[in-house]
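Coordinates from run-v3.cif are shown below (mmCIF, C-alpha atoms and all ligand atoms).
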```cif
data_upload
loop_
_atom_site.label_atom_id
_atom_site.label_comp_id
_atom_site.auth_asym_id
_atom_site.auth_seq_id
_atom_site.Cartn_x
_atom_site.Cartn_y
_atom_site.Cartn_z
CA MET A 1 168.16 168.30 31.09
CA LYS A 2 169.52 164.97 32.32
CA LYS A 3 171.05 162.63 29.73
CA ASP A 4 170.44 158.89 29.40
CA ILE A 5 173.73 157.25 30.44
CA LYS A 6 172.83 154.19 28.36
CA ASN A 7 173.33 156.25 25.20
CA PHE A 8 177.08 156.25 26.02
CA SER A 9 179.41 153.47 24.89
CA LEU A 10 182.22 152.52 27.25
CA ASP A 11 184.74 154.57 25.23
CA GLU A 12 182.47 157.61 25.27
CA LEU A 13 182.00 157.31 29.02
CA LYS A 14 185.75 156.99 29.55
CA ALA A 15 186.30 160.12 27.46
CA TYR A 16 183.69 161.93 29.52
CA PHE A 17 185.39 161.01 32.82
CA THR A 18 188.78 162.04 31.51
CA GLU A 19 187.28 165.36 30.45
CA ILE A 20 185.88 166.07 33.94
CA GLY A 21 189.16 165.07 35.59
CA GLU A 22 187.98 161.68 36.89
CA LYS A 23 189.73 158.33 36.46
CA SER A 24 188.55 156.63 33.28
CA TYR A 25 188.21 153.27 35.08
CA ARG A 26 185.11 154.72 36.75
CA ALA A 27 183.37 154.12 33.42
CA GLU A 28 184.01 150.38 33.76
CA GLU A 29 182.61 150.42 37.32
CA ILE A 30 179.45 152.07 36.03
CA PHE A 31 179.16 149.60 33.14
CA ARG A 32 179.43 146.68 35.57
CA ALA A 33 176.93 148.22 37.98
CA ILE A 34 174.29 148.93 35.34
CA TYR A 35 174.70 146.07 32.89
CA ASN A 36 175.80 143.23 35.17
CA ASN A 37 174.38 144.11 38.58
CA LYS A 38 171.27 145.92 37.31
CA ILE A 39 171.70 148.88 39.64
CA PHE A 40 169.46 151.64 38.35
CA ASN A 41 170.23 154.37 40.90
CA PHE A 42 173.61 156.15 41.01
CA HIS A 43 173.40 156.44 44.80
CA ASP A 44 173.44 152.62 45.03
CA ILE A 45 176.71 152.28 43.09
CA THR A 46 178.76 152.21 46.27
CA THR A 47 182.09 151.55 44.53
CA LEU A 48 181.95 155.21 43.42
CA PRO A 49 182.80 158.08 45.79
CA LYS A 50 179.75 159.94 47.08
CA THR A 51 180.72 163.18 45.35
CA LEU A 52 180.86 161.41 42.00
CA ARG A 53 177.52 159.68 42.62
CA ASP A 54 175.94 163.07 43.34
CA ALA A 55 177.52 164.60 40.23
CA LEU A 56 176.32 161.74 38.03
CA ASP A 57 172.83 161.92 39.49
CA ASN A 58 172.68 165.61 38.60
CA GLN A 59 173.60 165.03 34.98
CA PHE A 60 172.38 161.57 33.99
CA PHE A 61 169.59 159.08 34.51
CA ILE A 62 169.82 155.30 34.19
CA THR A 63 166.21 154.34 33.49
CA SER A 64 163.26 156.46 32.49
CA SER A 65 160.47 154.07 31.57
CA GLU A 66 157.75 152.26 33.37
CA VAL A 67 156.45 148.74 32.76
CA ILE A 68 152.73 149.40 32.73
CA SER A 69 151.57 145.84 32.13
CA LYS A 70 152.85 142.29 31.96
CA GLN A 71 150.90 139.49 30.38
CA LYS A 72 151.84 135.86 30.51
CA SER A 73 150.59 133.26 28.07
CA SER A 74 150.07 129.57 28.74
CA ASP A 75 153.30 128.80 26.81
CA SER A 76 155.18 131.04 29.34
CA SER A 77 155.84 133.91 26.93
CA ILE A 78 155.61 137.26 28.68
CA LYS A 79 154.68 140.51 26.95
CA PHE A 80 155.81 143.73 28.63
CA LEU A 81 154.17 147.04 27.78
CA ILE A 82 156.72 149.79 28.40
CA LYS A 83 155.97 153.50 28.60
CA PHE A 84 158.63 156.16 28.02
CA PRO A 85 158.42 159.69 29.48
CA ASP A 86 156.95 161.15 26.27
CA SER A 87 154.12 158.59 26.70
CA SER A 88 155.39 156.47 23.79
CA LEU A 89 154.53 152.81 24.29
CA VAL A 90 156.45 149.80 23.04
CA GLU A 91 156.01 146.08 23.53
CA THR A 92 158.82 143.69 24.35
CA VAL A 93 158.30 139.95 24.48
CA LEU A 94 160.20 137.32 26.44
CA ILE A 95 159.91 133.85 24.95
CA ARG A 96 160.81 130.96 27.24
CA GLU A 97 161.73 127.60 25.78
CA THR A 98 162.62 124.54 27.81
CA ALA A 99 164.47 121.62 26.28
CA HIS A 100 166.43 118.83 27.96
CA GLY A 101 165.72 120.39 31.37
CA LYS A 102 167.23 123.76 30.36
CA THR A 103 165.26 126.95 29.92
CA ARG A 104 166.39 129.52 27.37
CA ASN A 105 165.09 133.06 27.32
CA THR A 106 164.84 134.86 24.01
CA LEU A 107 163.95 138.52 24.11
CA CYS A 108 162.16 140.14 21.21
CA LEU A 109 163.16 143.81 21.25
CA SER A 110 161.43 146.78 19.64
CA SER A 111 163.49 149.34 17.74
CA GLN A 112 160.85 151.92 16.79
CA VAL A 113 157.49 153.16 18.00
CA GLY A 114 155.29 152.02 15.12
CA CYS A 115 156.76 151.33 11.68
CA ALA A 116 156.74 153.07 8.30
CA MET A 117 156.73 149.89 6.21
CA LYS A 118 152.95 149.36 6.39
CA CYS A 119 153.11 145.59 5.90
CA LYS A 120 149.51 144.52 5.39
CA PHE A 121 149.70 141.54 7.76
CA CYS A 122 151.36 143.36 10.67
CA ALA A 123 149.74 145.12 13.62
CA THR A 124 152.74 147.46 14.06
CA GLY A 125 152.56 148.40 10.38
CA GLN A 126 148.95 149.51 10.88
CA MET A 127 150.08 152.01 13.57
CA GLY A 128 152.25 153.97 11.14
CA PHE A 129 155.64 155.38 12.11
CA ILE A 130 155.80 157.45 15.30
CA ARG A 131 159.52 157.67 16.16
CA ASN A 132 162.79 155.83 16.46
CA LEU A 133 163.82 154.53 19.86
CA THR A 134 167.10 155.89 21.19
CA THR A 135 170.02 153.58 21.92
CA GLY A 136 169.22 153.92 25.63
CA GLU A 137 165.55 153.03 25.11
CA ILE A 138 166.45 149.89 23.16
CA ILE A 139 168.85 148.83 25.92
CA GLU A 140 166.35 149.71 28.63
CA GLN A 141 163.90 147.04 27.41
CA PHE A 142 166.68 144.47 27.81
CA LEU A 143 167.73 145.66 31.27
CA LEU A 144 164.19 145.85 32.68
CA VAL A 145 163.33 142.36 31.48
CA GLU A 146 166.58 140.88 32.82
CA LYS A 147 165.94 142.51 36.19
CA MET A 148 162.34 141.28 36.37
CA ALA A 149 162.44 137.91 34.65
CA GLY A 150 166.02 136.61 34.69
CA LYS A 151 168.92 136.29 32.33
CA VAL A 152 168.30 136.67 28.61
CA ASN A 153 170.16 134.16 26.40
CA ASN A 154 169.27 135.53 22.98
CA ILE A 155 168.01 138.77 21.50
CA VAL A 156 165.94 139.04 18.35
CA PHE A 157 165.14 142.42 16.82
CA MET A 158 161.68 141.27 15.77
CA GLY A 159 159.56 143.51 17.95
CA MET A 160 157.94 146.75 16.86
CA GLY A 161 159.67 148.60 14.04
CA GLU A 162 162.18 147.98 11.27
CA PRO A 163 165.59 147.78 13.02
CA LEU A 164 167.63 148.76 9.96
CA ALA A 165 165.54 151.93 9.56
CA ASN A 166 166.99 152.91 12.96
CA TYR A 167 170.41 151.57 12.07
CA GLU A 168 172.78 153.76 14.12
CA ASN A 169 170.85 153.40 17.38
CA VAL A 170 170.45 149.64 16.95
CA LYS A 171 174.15 149.28 16.11
CA LYS A 172 175.20 151.19 19.20
CA ALA A 173 172.78 149.26 21.45
CA ILE A 174 174.37 146.02 20.18
CA LYS A 175 177.86 147.42 20.83
CA ILE A 176 176.92 148.26 24.44
CA ILE A 177 175.02 145.04 25.23
CA THR A 178 177.88 142.94 23.85
CA ASP A 179 180.70 144.91 25.50
CA PRO A 180 182.74 142.37 27.52
CA LYS A 181 183.25 144.95 30.29
CA GLY A 182 179.49 145.09 30.77
CA ARG A 183 176.85 142.49 30.02
CA GLY A 184 178.96 140.81 27.34
CA LEU A 185 176.19 139.00 25.45
CA GLY A 186 177.71 137.18 22.45
CA LYS A 187 177.09 138.85 19.08
CA ARG A 188 176.08 135.50 17.66
CA LYS A 189 173.23 135.43 20.16
CA ILE A 190 171.66 138.39 18.39
CA VAL A 191 169.40 138.20 15.35
CA ILE A 192 168.43 141.23 13.31
CA SER A 193 165.23 140.60 11.43
CA THR A 194 164.72 143.07 8.60
CA SER A 195 162.18 143.57 5.87
CA GLY A 196 165.16 144.30 3.61
CA ILE A 197 166.65 147.81 3.77
CA ILE A 198 169.31 147.01 1.20
CA ASP A 199 171.97 149.68 1.82
CA LYS A 200 171.90 148.90 5.56
CA ILE A 201 172.42 145.17 4.92
CA TYR A 202 175.73 146.08 3.24
CA LYS A 203 176.62 148.32 6.21
CA LEU A 204 175.69 145.58 8.66
CA ALA A 205 177.98 143.12 6.87
CA ASP A 206 180.85 145.62 7.04
CA GLU A 207 180.28 146.97 10.54
CA ILE A 208 178.73 144.34 12.84
CA SER A 209 179.23 141.19 10.92
CA SER A 210 178.84 138.53 13.59
CA VAL A 211 175.17 139.14 14.32
CA ARG A 212 172.78 136.83 12.54
CA LEU A 213 170.42 138.05 9.85
CA ALA A 214 166.82 137.13 9.07
CA ILE A 215 164.90 138.54 6.11
CA SER A 216 161.13 138.97 6.20
CA LEU A 217 160.46 137.98 2.60
CA HIS A 218 156.85 136.69 2.65
CA ALA A 219 156.52 136.66 -1.16
CA ALA A 220 158.85 135.51 -3.91
CA THR A 221 157.65 137.76 -6.72
CA GLN A 222 157.99 141.54 -6.85
CA LYS A 223 154.29 142.07 -7.53
CA LYS A 224 153.11 140.06 -4.55
CA ARG A 225 155.75 141.49 -2.22
CA ASP A 226 154.86 145.05 -3.27
CA TYR A 227 151.26 144.27 -2.40
CA LEU A 228 152.02 142.71 1.00
CA MET A 229 154.82 145.10 2.01
CA PRO A 230 154.05 148.45 0.33
CA GLY A 231 156.70 150.37 2.27
CA LEU A 232 159.41 148.26 0.61
CA ARG A 233 158.38 148.94 -3.00
CA LYS A 234 161.55 150.81 -3.87
CA TYR A 235 163.66 147.75 -3.01
CA LYS A 236 163.81 145.13 -5.76
CA ILE A 237 163.97 141.47 -4.73
CA SER A 238 166.89 140.90 -7.13
CA ASP A 239 168.89 143.71 -5.43
CA LEU A 240 167.96 142.34 -2.01
CA PHE A 241 169.42 138.95 -2.92
CA GLU A 242 172.63 140.58 -4.20
CA ALA A 243 172.94 142.19 -0.75
CA LEU A 244 172.33 138.81 0.93
CA LYS A 245 175.07 137.20 -1.18
CA TYR A 246 177.43 139.99 -0.09
CA TYR A 247 176.43 139.49 3.57
CA ASN A 248 177.14 135.77 3.30
CA ARG A 249 180.48 136.27 1.51
CA LYS A 250 181.58 138.81 4.09
CA THR A 251 180.40 136.99 7.23
CA GLY A 252 180.06 133.32 6.31
CA ASN A 253 176.71 133.39 8.14
CA THR A 254 173.63 131.47 7.14
CA ILE A 255 170.65 133.75 6.49
CA THR A 256 167.11 132.91 7.51
CA ILE A 257 164.31 133.70 5.09
CA GLU A 258 161.09 134.33 7.00
CA TYR A 259 157.93 133.46 5.09
CA LEU A 260 154.55 134.04 6.70
CA LEU A 261 151.95 131.71 5.21
CA ILE A 262 148.68 133.52 4.57
CA LYS A 263 145.65 131.63 3.29
CA ASP A 264 144.98 132.18 -0.42
CA VAL A 265 147.56 134.98 -0.60
CA ASN A 266 151.01 133.38 -0.75
CA ASP A 267 150.49 129.71 0.09
CA ASP A 268 149.74 127.86 -3.15
CA TYR A 269 151.84 125.61 -5.37
CA LYS A 270 152.94 128.47 -7.63
CA ASP A 271 154.09 130.52 -4.62
CA ALA A 272 156.21 127.57 -3.48
CA LYS A 273 157.65 127.19 -6.98
CA ASP A 274 158.46 130.93 -7.18
CA LEU A 275 160.28 130.67 -3.86
CA ILE A 276 162.25 127.65 -5.01
CA LYS A 277 163.27 129.51 -8.18
CA LEU A 278 164.43 132.49 -6.13
CA LEU A 279 166.45 130.38 -3.72
CA ARG A 280 167.92 127.97 -6.29
CA ASN A 281 171.66 127.43 -5.74
CA LEU A 282 171.74 129.59 -2.61
CA LYS A 283 173.28 127.20 -0.07
CA PHE A 284 173.48 129.84 2.66
CA VAL A 285 169.74 130.35 3.18
CA LYS A 286 167.23 128.42 5.21
CA VAL A 287 163.51 129.09 5.20
CA ASN A 288 161.32 129.55 8.26
CA LEU A 289 157.67 129.12 7.45
CA ILE A 290 155.69 131.12 9.99
CA HIS A 291 152.13 130.57 11.07
CA PHE A 292 150.09 133.74 10.48
CA ASN A 293 148.65 135.05 13.72
CA GLN A 294 145.25 136.66 13.58
CA VAL A 295 145.42 140.43 14.05
CA ALA A 296 142.42 142.66 14.78
CA HIS A 297 141.22 144.67 11.73
CA ILE A 298 143.34 142.61 9.32
CA ASP A 299 141.36 140.30 7.08
CA PHE A 300 144.04 137.69 6.33
CA LYS A 301 143.65 134.15 7.63
CA PRO A 302 146.27 131.56 8.59
CA SER A 303 147.09 129.04 5.88
CA ASN A 304 146.32 125.37 6.43
CA ARG A 305 148.92 124.34 3.84
CA GLU A 306 152.04 124.70 6.01
CA LYS A 307 153.10 121.05 5.79
CA ALA A 308 152.40 120.70 2.06
CA PHE A 309 154.23 123.97 1.30
CA ALA A 310 157.22 122.84 3.38
CA GLU A 311 157.25 119.47 1.60
CA ILE A 312 157.44 121.09 -1.86
CA LEU A 313 160.39 123.21 -0.74
CA ARG A 314 162.14 120.23 0.85
CA LYS A 315 161.73 118.05 -2.23
CA ASN A 316 163.42 120.79 -4.22
CA GLY A 317 166.43 120.98 -1.98
CA VAL A 318 165.47 123.97 0.20
CA THR A 319 166.20 123.72 3.93
CA VAL A 320 162.96 124.54 5.68
CA THR A 321 161.43 124.53 9.15
CA ILE A 322 157.93 125.42 10.28
CA ARG A 323 158.09 127.88 13.13
CA HIS A 324 155.38 127.59 15.71
CA SER A 325 154.75 131.07 17.08
CA LYS A 326 154.61 131.56 20.77
CA GLY A 327 152.50 134.07 22.63
CA GLU A 328 149.64 134.20 20.13
CA GLU A 329 146.91 134.33 22.80
CA ILE A 330 148.40 137.51 24.30
CA ALA A 331 149.02 139.07 20.85
CA ALA A 332 152.75 138.73 21.37
CA ALA A 333 153.51 136.56 18.39
CA CYS A 334 155.08 137.55 15.12
CA GLY A 335 153.23 140.47 13.47
CA GLN A 336 150.89 141.01 16.41
CA LEU A 337 152.74 143.69 18.34
CA ALA A 338 151.03 147.05 18.52
CA THR A 339 150.58 149.36 21.43
CA ASN A 340 146.83 149.14 21.79
CA THR A 341 146.23 148.22 25.40
CA LYS A 342 142.45 148.18 24.91
CA THR A 343 142.59 144.83 23.15
CA SER A 344 144.91 143.20 25.71
CA THR A 345 143.84 140.38 27.97
CA LYS A 346 145.73 140.47 31.24
CA PHE A 347 147.45 137.40 32.65
CA PRO A 348 148.95 137.82 36.12
CA ILE A 349 152.59 136.72 36.42
S1 LIG B 401 156.49 143.39 9.53
FE1 LIG B 401 158.24 144.52 10.34
S2 LIG B 401 158.74 145.95 8.68
FE2 LIG B 401 156.67 145.24 8.25
S3 LIG B 401 155.32 146.78 9.24
FE3 LIG B 401 155.66 145.12 10.71
S4 LIG B 401 157.36 145.81 11.98
FE4 LIG B 401 157.38 147.03 10.08
#
```

Go ahead and render the structure in this file as structure tokens.
Amino acid sequence: MKKDIKNFSLDELKAYFTEIGEKSYRAEEIFRAIYNNKIFNFHDITTLPKTLRDALDNQFFITSSEVISKQKSSDSSIKFLIKFPDSSLVETVLIRETAHGKTRNTLCLSSQVGCAMKCKFCATGQMGFIRNLTTGEIIEQFLLVEKMAGKVNNIVFMGMGEPLANYENVKKAIKIITDPKGRGLGKRKIVISTSGIIDKIYKLADEISSVRLAISLHAATQKKRDYLMPGLRKYKISDLFEALKYYNRKTGNTITIEYLLIKDVNDDYKDAKDLIKLLRNLKFVKVNLIHFNQVAHIDFKPSNREKAFAEILRKNGVTVTIRHSKGEEIAAACGQLATNTKTSTKFPI
């Protein structure tokens, strides 16, 4: 069975070439061809001798998936539905933002098919967990989008799945995408958004410290968080914040606290006060208040108290921004990703 060459780091590929009696610099040629030049067929990597191209083609593949639909929203976000050979489907969203005449592309990557955390407000959570994506499948989303829609400036692991529940594959995908001999995306251009897998936050701080971290908190008391995010019940908020302090000490990075405002669930004065109490004296956090996007079969409604909630936080010394979700009309916004093509509305691109 052919292997996915994108599961190999540069060092692993060099070791492989040495083992088969080839020059190890061939690995760098392949990295450049795939990650910089987006060549997805070994026969088109003409810097390699023909015999080597044939040998590679017999043993490896570069891409295996198919983009089965693309939808574009009026704010220029594009949602790609990607199908892998086992028929697993994931969604990947490109968010385009233009400011001062410059367009920046942020790619929201999926790390799992479905998710085990069962967050009550999230379409992916309603799917349940199906499987982890491999390193190669995570990278493939990035490569396909760059080939079809242009250079990606930032990556956020905020697509389908909990990235720290697939820690090793996500870590290796980051290593490969940031390798200076290949695509060389800066680590600081990558955000990992987690619901709070505590042991993996410590590992992340120790092992890939320069990426940025965002925590999906959504409630400031244990009782409310356990209700909204039942898959996280075993993780105590107090332990989570100890891990965040460690992450900050180790990396010096600011941490973003994501808080989805849901009408009559977590948006009243007491909720704001609980959040202030939790964040008191933590200079390294900033809060992103997120508009709740309507999801089919989920009864929650968006809050209309965003500004008032933000004002309470601000008056109490918390740094806060209100994030306006993009892609809501194509169900590509935060919490809306789920591979149910029946509910999709197609926009030609
Ligand atoms: S919000 Fe994140 S962690 Fe929670 S179910 Fe959705 S994808 Fe999983």

task: Counting only C-alpha atoms and all ligand atoms, name the residues that have an atom within 8 Å of an atom of ligand LIG 401 (chain B); the answer should be given as a PyMOL selection string.
output: chain A and resi 114-126+158-162+194-195+216+229+231+335

- request: Mind giving me the straight-line distance from atom CA of Ile298 of chain A to atom CA of Leu109 of chain A in Å, one decimal?
  value: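 Atom-to-atom, atom CA of Ile298 of chain A to atom CA of Leu109 of chain A, that is 23.2 Å.
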
query: Quick one, how far is atom CA of Asp206 of chain A from atom CA of Leu244 of chain A?
result: 12.5 Å

- request: Provide the atom CA of Ser69 of chain A to atom CA of Leu81 of chain A distance in Å, to one decimal place.
  value: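 Going from atom CA of Ser69 of chain A over to atom CA of Leu81 of chain A, I get 5.2 Å.
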
message: Within 12 Å of (146.2, 132.0, -1.3) (file coordinates; all atoms listed in the file), which protein or nucleic acid residues are there? I'd like them as a ChimeraX atom specification.
response: /A:219,224,260-272,300-306,309

field: Which residue of A:Ser88, A:Phe17, A:Ile197, A:Lys38 approaches Arg233 of chain A most closely, using only C-alpha atoms
entry: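 Result for the nearest residue to Arg233 of chain A: A:Ile197.
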
message: With only C-alpha atoms as the counted atoms, please give the residues lying no more than 7 Å from Ile192 of chain A, apart from itself and same-chain residues fewer than 3 positions off, as an NGL selection string.
response: :A and (156-157 or 212-214)
